[in-house]
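Report on one structure; see the data block that follows.
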Amino acid sequence: MKAEDIRLSYTDPITGVRAPRDAGRQYVEVDGVLLVVTHVYRSRGFPDWSAEAYTDHLESRAHLEWAKGGNAFGFAHIRRRDLLAQIAAYTEIKDWAEKRAAWLAVPRNRWKPTRRYTIERRGVGDWWAAPRFPERDRERGPYLSEETARADLGDSAN
């Protein structure tokens with residue numbers, strides 16, 4: 001893997017929520033491992049760029065055992081370019097394969113599917129699915145009834 005191949009995203013891949021550009025939080029998936037890349041703006045005492053495993057969706061006990069077992073990994077550098085190079089170089093060594101295998105074995109919480117739509121009635125026989133995140137999803141409809149809308153959208157409707 002090369003540093004040029006690593007692309008950061010502002011969209012949280014688990015929840016689908018897009019973080020504002022000034023939040024200092026981006027995401028990247030490297031070889032099946034999801035990393036959170038943070039950039040502390042105007043920081044004097046800490047490295048400007050850091051990356052660590054995304055842990056918000058892990059069971060807490062399993063996450064603690066994984067970290068205590070010496071499997072945790074993190075990266076830090078002053079420049080973004082050098083941080084990505086550090087991550088790319090680390091994926092080539094044996095230690096990465098062992099830590100990656102341990103990471104993928106950690107049990108995840110069973111998340112309920114993200115409710116991306118709210119079903120609303122706008123008139124007789126006029127049901128619409130309004131997106132919770134309009135920047136990601138478009139409005140869907142019209143449906144003849146609430147039941148047909150829920151059948152079409154499945155678990156993504158609230």
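Letters for chains follow the order of the structure tokens (A, B, ...), residue numbers begin at 1 for each chain, and ligand numbers begin at 1 in the order shown.
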
Need to verify the contact set: Gly69 of chain A, 12 Å, only C-alpha atoms, exclusion of same-chain residues closer than 6 positions in sequence. Can you return it as a compact mmCIF listing (two decimals) with all heavy atoms, in the first residue's frame?
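This is the output file out_5.txt:
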```txt
# COMPACT_ATOMS: atom_id res chain seq x y z
N ALA A 62 -14.89 -6.35 25.41
CA ALA A 62 -14.03 -6.92 24.37
C ALA A 62 -12.98 -5.91 23.92
O ALA A 62 -11.83 -6.26 23.68
CB ALA A 62 -14.88 -7.36 23.20
N HIS A 63 -13.38 -4.64 23.85
CA HIS A 63 -12.43 -3.60 23.47
C HIS A 63 -11.32 -3.47 24.51
O HIS A 63 -10.15 -3.34 24.18
CB HIS A 63 -13.17 -2.26 23.31
CG HIS A 63 -12.26 -1.11 23.08
ND1 HIS A 63 -12.22 -0.04 23.95
CD2 HIS A 63 -11.33 -0.85 22.13
CE1 HIS A 63 -11.31 0.82 23.53
NE2 HIS A 63 -10.76 0.35 22.43
N GLU A 98 -0.72 -9.29 12.53
CA GLU A 98 -1.14 -9.86 13.82
C GLU A 98 -2.16 -8.96 14.52
O GLU A 98 -3.18 -9.44 15.01
CB GLU A 98 0.08 -10.08 14.71
CG GLU A 98 1.03 -11.14 14.20
CD GLU A 98 2.34 -11.19 14.96
OE1 GLU A 98 2.52 -10.38 15.90
OE2 GLU A 98 3.17 -12.03 14.61
N LYS A 99 -1.87 -7.67 14.56
CA LYS A 99 -2.80 -6.74 15.22
C LYS A 99 -4.11 -6.63 14.44
O LYS A 99 -5.18 -6.49 15.03
CB LYS A 99 -2.15 -5.38 15.38
CG LYS A 99 -1.08 -5.38 16.44
CD LYS A 99 -0.52 -4.01 16.68
CE LYS A 99 0.50 -4.04 17.80
NZ LYS A 99 0.93 -2.72 18.20
N ALA A 102 -6.24 -9.65 15.27
CA ALA A 102 -6.83 -9.48 16.61
C ALA A 102 -7.96 -8.46 16.57
O ALA A 102 -8.99 -8.62 17.23
CB ALA A 102 -5.76 -9.06 17.61
N TRP A 103 -7.79 -7.39 15.80
CA TRP A 103 -8.81 -6.34 15.68
C TRP A 103 -10.08 -6.88 15.05
O TRP A 103 -11.18 -6.61 15.50
CB TRP A 103 -8.25 -5.20 14.84
CG TRP A 103 -9.29 -4.20 14.45
CD1 TRP A 103 -9.82 -4.01 13.21
CD2 TRP A 103 -9.94 -3.25 15.29
NE1 TRP A 103 -10.75 -3.01 13.24
CE2 TRP A 103 -10.83 -2.53 14.51
CE3 TRP A 103 -9.84 -2.95 16.65
CZ2 TRP A 103 -11.63 -1.53 15.02
CZ3 TRP A 103 -10.64 -1.95 17.16
CH2 TRP A 103 -11.51 -1.25 16.35
N VAL A 106 -12.43 -8.91 17.38
CA VAL A 106 -13.15 -8.25 18.48
C VAL A 106 -14.63 -8.17 18.13
O VAL A 106 -15.00 -7.71 17.05
CB VAL A 106 -12.59 -6.82 18.73
CG1 VAL A 106 -13.40 -6.11 19.80
CG2 VAL A 106 -11.14 -6.90 19.13
```

I need the residues of segment 40-139 of chain A that end up classed as strand (DSSP E) by DSSP on the backbone, written out as a PyMOL selection string.
chain A and resi 49-53+74-77+117-123+126-131

I'd like the neighbourhood of Leu8 of chain A as JSON, numbers by chain, where a residue qualifies if any of its atoms comes within 9 Å (using only C-alpha atoms), though same-chain residues fewer than 2 positions away should be ignored.
{"A": [6, 10, 26, 27, 28, 29, 37]}

Could you please take those selected residues and save all heavy atoms as an mmCIF file, in the first residue's frame?
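Writing done, so here's out05.cif:
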```cif
data_model
loop_
_atom_site.group_PDB
_atom_site.id
_atom_site.type_symbol
_atom_site.label_atom_id
_atom_site.label_comp_id
_atom_site.auth_asym_id
_atom_site.auth_seq_id
_atom_site.Cartn_x
_atom_site.Cartn_y
_atom_site.Cartn_z
ATOM 1 N N ILE A 6 -4.230 6.203 0.139
ATOM 2 C CA ILE A 6 -5.084 6.394 1.312
ATOM 3 C C ILE A 6 -5.887 7.675 1.141
ATOM 4 O O ILE A 6 -5.337 8.754 0.976
ATOM 5 C CB ILE A 6 -4.237 6.453 2.601
ATOM 6 C CG1 ILE A 6 -3.478 5.142 2.791
ATOM 7 C CG2 ILE A 6 -5.123 6.734 3.807
ATOM 8 C CD1 ILE A 6 -2.530 5.145 3.970
ATOM 9 N N TYR A 10 -14.766 12.601 5.389
ATOM 10 C CA TYR A 10 -15.430 13.252 6.514
ATOM 11 C C TYR A 10 -16.680 12.492 6.955
ATOM 12 O O TYR A 10 -17.283 12.809 7.961
ATOM 13 C CB TYR A 10 -15.820 14.687 6.154
ATOM 14 C CG TYR A 10 -14.630 15.611 6.060
ATOM 15 C CD1 TYR A 10 -14.081 15.955 4.834
ATOM 16 C CD2 TYR A 10 -14.041 16.134 7.202
ATOM 17 C CE1 TYR A 10 -12.990 16.795 4.744
ATOM 18 C CE2 TYR A 10 -12.949 16.970 7.133
ATOM 19 C CZ TYR A 10 -12.423 17.302 5.901
ATOM 20 O OH TYR A 10 -11.346 18.113 5.822
ATOM 21 N N GLN A 26 -11.628 12.783 10.643
ATOM 22 C CA GLN A 26 -11.828 12.137 9.359
ATOM 23 C C GLN A 26 -11.683 10.637 9.541
ATOM 24 O O GLN A 26 -11.216 10.175 10.575
ATOM 25 C CB GLN A 26 -10.825 12.652 8.334
ATOM 26 C CG GLN A 26 -10.984 14.127 8.030
ATOM 27 C CD GLN A 26 -9.919 14.610 7.072
ATOM 28 O OE1 GLN A 26 -9.432 13.883 6.233
ATOM 29 N NE2 GLN A 26 -9.534 15.864 7.214
ATOM 30 N N TYR A 27 -12.079 9.876 8.525
ATOM 31 C CA TYR A 27 -12.088 8.423 8.619
ATOM 32 C C TYR A 27 -11.404 7.828 7.399
ATOM 33 O O TYR A 27 -11.436 8.382 6.314
ATOM 34 C CB TYR A 27 -13.529 7.912 8.685
ATOM 35 C CG TYR A 27 -14.324 8.557 9.776
ATOM 36 C CD1 TYR A 27 -15.044 9.733 9.547
ATOM 37 C CD2 TYR A 27 -14.349 8.017 11.050
ATOM 38 C CE1 TYR A 27 -15.762 10.338 10.558
ATOM 39 C CE2 TYR A 27 -15.070 8.616 12.068
ATOM 40 C CZ TYR A 27 -15.777 9.777 11.811
ATOM 41 O OH TYR A 27 -16.481 10.369 12.813
ATOM 42 N N VAL A 28 -10.801 6.645 7.618
ATOM 43 C CA VAL A 28 -10.182 5.919 6.525
ATOM 44 C C VAL A 28 -10.212 4.429 6.869
ATOM 45 O O VAL A 28 -10.057 4.051 8.027
ATOM 46 C CB VAL A 28 -8.742 6.402 6.249
ATOM 47 C CG1 VAL A 28 -7.830 6.139 7.421
ATOM 48 C CG2 VAL A 28 -8.190 5.777 4.992
ATOM 49 N N GLU A 29 -10.458 3.604 5.861
ATOM 50 C CA GLU A 29 -10.385 2.165 6.048
ATOM 51 C C GLU A 29 -9.118 1.670 5.381
ATOM 52 O O GLU A 29 -8.904 1.899 4.191
ATOM 53 C CB GLU A 29 -11.604 1.472 5.458
ATOM 54 C CG GLU A 29 -11.592 -0.006 5.730
ATOM 55 C CD GLU A 29 -12.828 -0.714 5.214
ATOM 56 O OE1 GLU A 29 -13.823 -0.032 4.926
ATOM 57 O OE2 GLU A 29 -12.774 -1.946 5.100
ATOM 58 N N VAL A 37 -8.947 9.571 11.995
ATOM 59 C CA VAL A 37 -7.818 10.487 11.876
ATOM 60 C C VAL A 37 -8.261 11.825 12.458
ATOM 61 O O VAL A 37 -9.266 12.384 12.036
ATOM 62 C CB VAL A 37 -7.387 10.650 10.410
ATOM 63 C CG1 VAL A 37 -6.247 11.645 10.283
ATOM 64 C CG2 VAL A 37 -6.978 9.297 9.831
#
```

Which residues of segment 59-155 of chain A sit at most 6 Å from segment 50-55 of chain A, using only C-alpha atoms? Give each one's shortest atom pair and distance in Å (one decimal place), in chain and ascending residue order, as JSON lines.
```
{"residue": "A:Gly74", "atom": "CA", "partner": "A:Glu52", "partner_atom": "CA", "distance": 4.5}
{"residue": "A:Phe75", "atom": "CA", "partner": "A:Ala51", "partner_atom": "CA", "distance": 5.0}
{"residue": "A:Ala76", "atom": "CA", "partner": "A:Ser50", "partner_atom": "CA", "distance": 4.1}
```

Judged by only C-alpha atoms, the minimum distance to Asp12 of chain A among A:Arg136, A:Arg150, A:His39, A:Arg115 is found for A:Arg136

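As for atom CA of Gly32 of chain A and atom CA of Ala157 of chain A, they are spaced 28.5 Å apart.
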
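Rounded to one decimal, atom CA of Arg132 of chain A and atom CA of Ala151 of chain A lie 18.3 Å from each other.
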
Spatial neighbours of Asp56 of chain A, max dist 10 Å, only C-alpha atoms, sep filter under 4 positions, as a PyMOL selection string:
chain A and resi 14+60+63+108-109

Just the alpha helix (DSSP H) stuff from chain A, please, per backbone DSSP, written as a PyMOL selection string.
chain A and resi 60-68+80-90+94-105+146-153

What does the structure give for the distance between atom CA of Ala3 of chain A and atom CA of Ala89 of chain A, in Å to one decimal?
8.1 Å

Tell me which protein, DNA and RNA residues are within 6 Å of segment 122-130 of chain A, counting only C-alpha atoms, leaving out same-chain ones fewer than 4 positions away, and put them as a list of chain:residue names.
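Contacts, with the query itself left out: A:Tyr117, A:Thr118, A:Glu139, A:Arg140, A:Gly141, A:Pro142, A:Tyr143, A:Leu144, A:Ser145.
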
Out of A:Leu58, A:Lys68, A:Glu4, A:Gly16, which residue has the shortest atom-to-atom distance to Leu83 of chain A when counting only C-alpha atoms?
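The answer is A:Glu4, which sits nearest to Leu83 of chain A.
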
Which one of A:Arg116, A:Asp31, A:Asp152, A:Trp66 sits closest to Asp5 of chain A if you count only C-alpha atoms?
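So, comparing all the options, the nearest one is A:Asp31.
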
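Using only C-alpha atoms for every distance, the candidate list A:Ser156, A:Arg7, A:Glu120, A:Pro134 yields A:Arg7 as the residue closest to Arg81 of chain A.
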
With only C-alpha atoms as the basis for distance, which of A:Met1, A:Val40, A:Leu64, A:Ala23 is at the shortest distance from Ala85 of chain A?
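Ranking A:Met1, A:Val40, A:Leu64, A:Ala23 by distance to Ala85 of chain A, first place goes to A:Met1.
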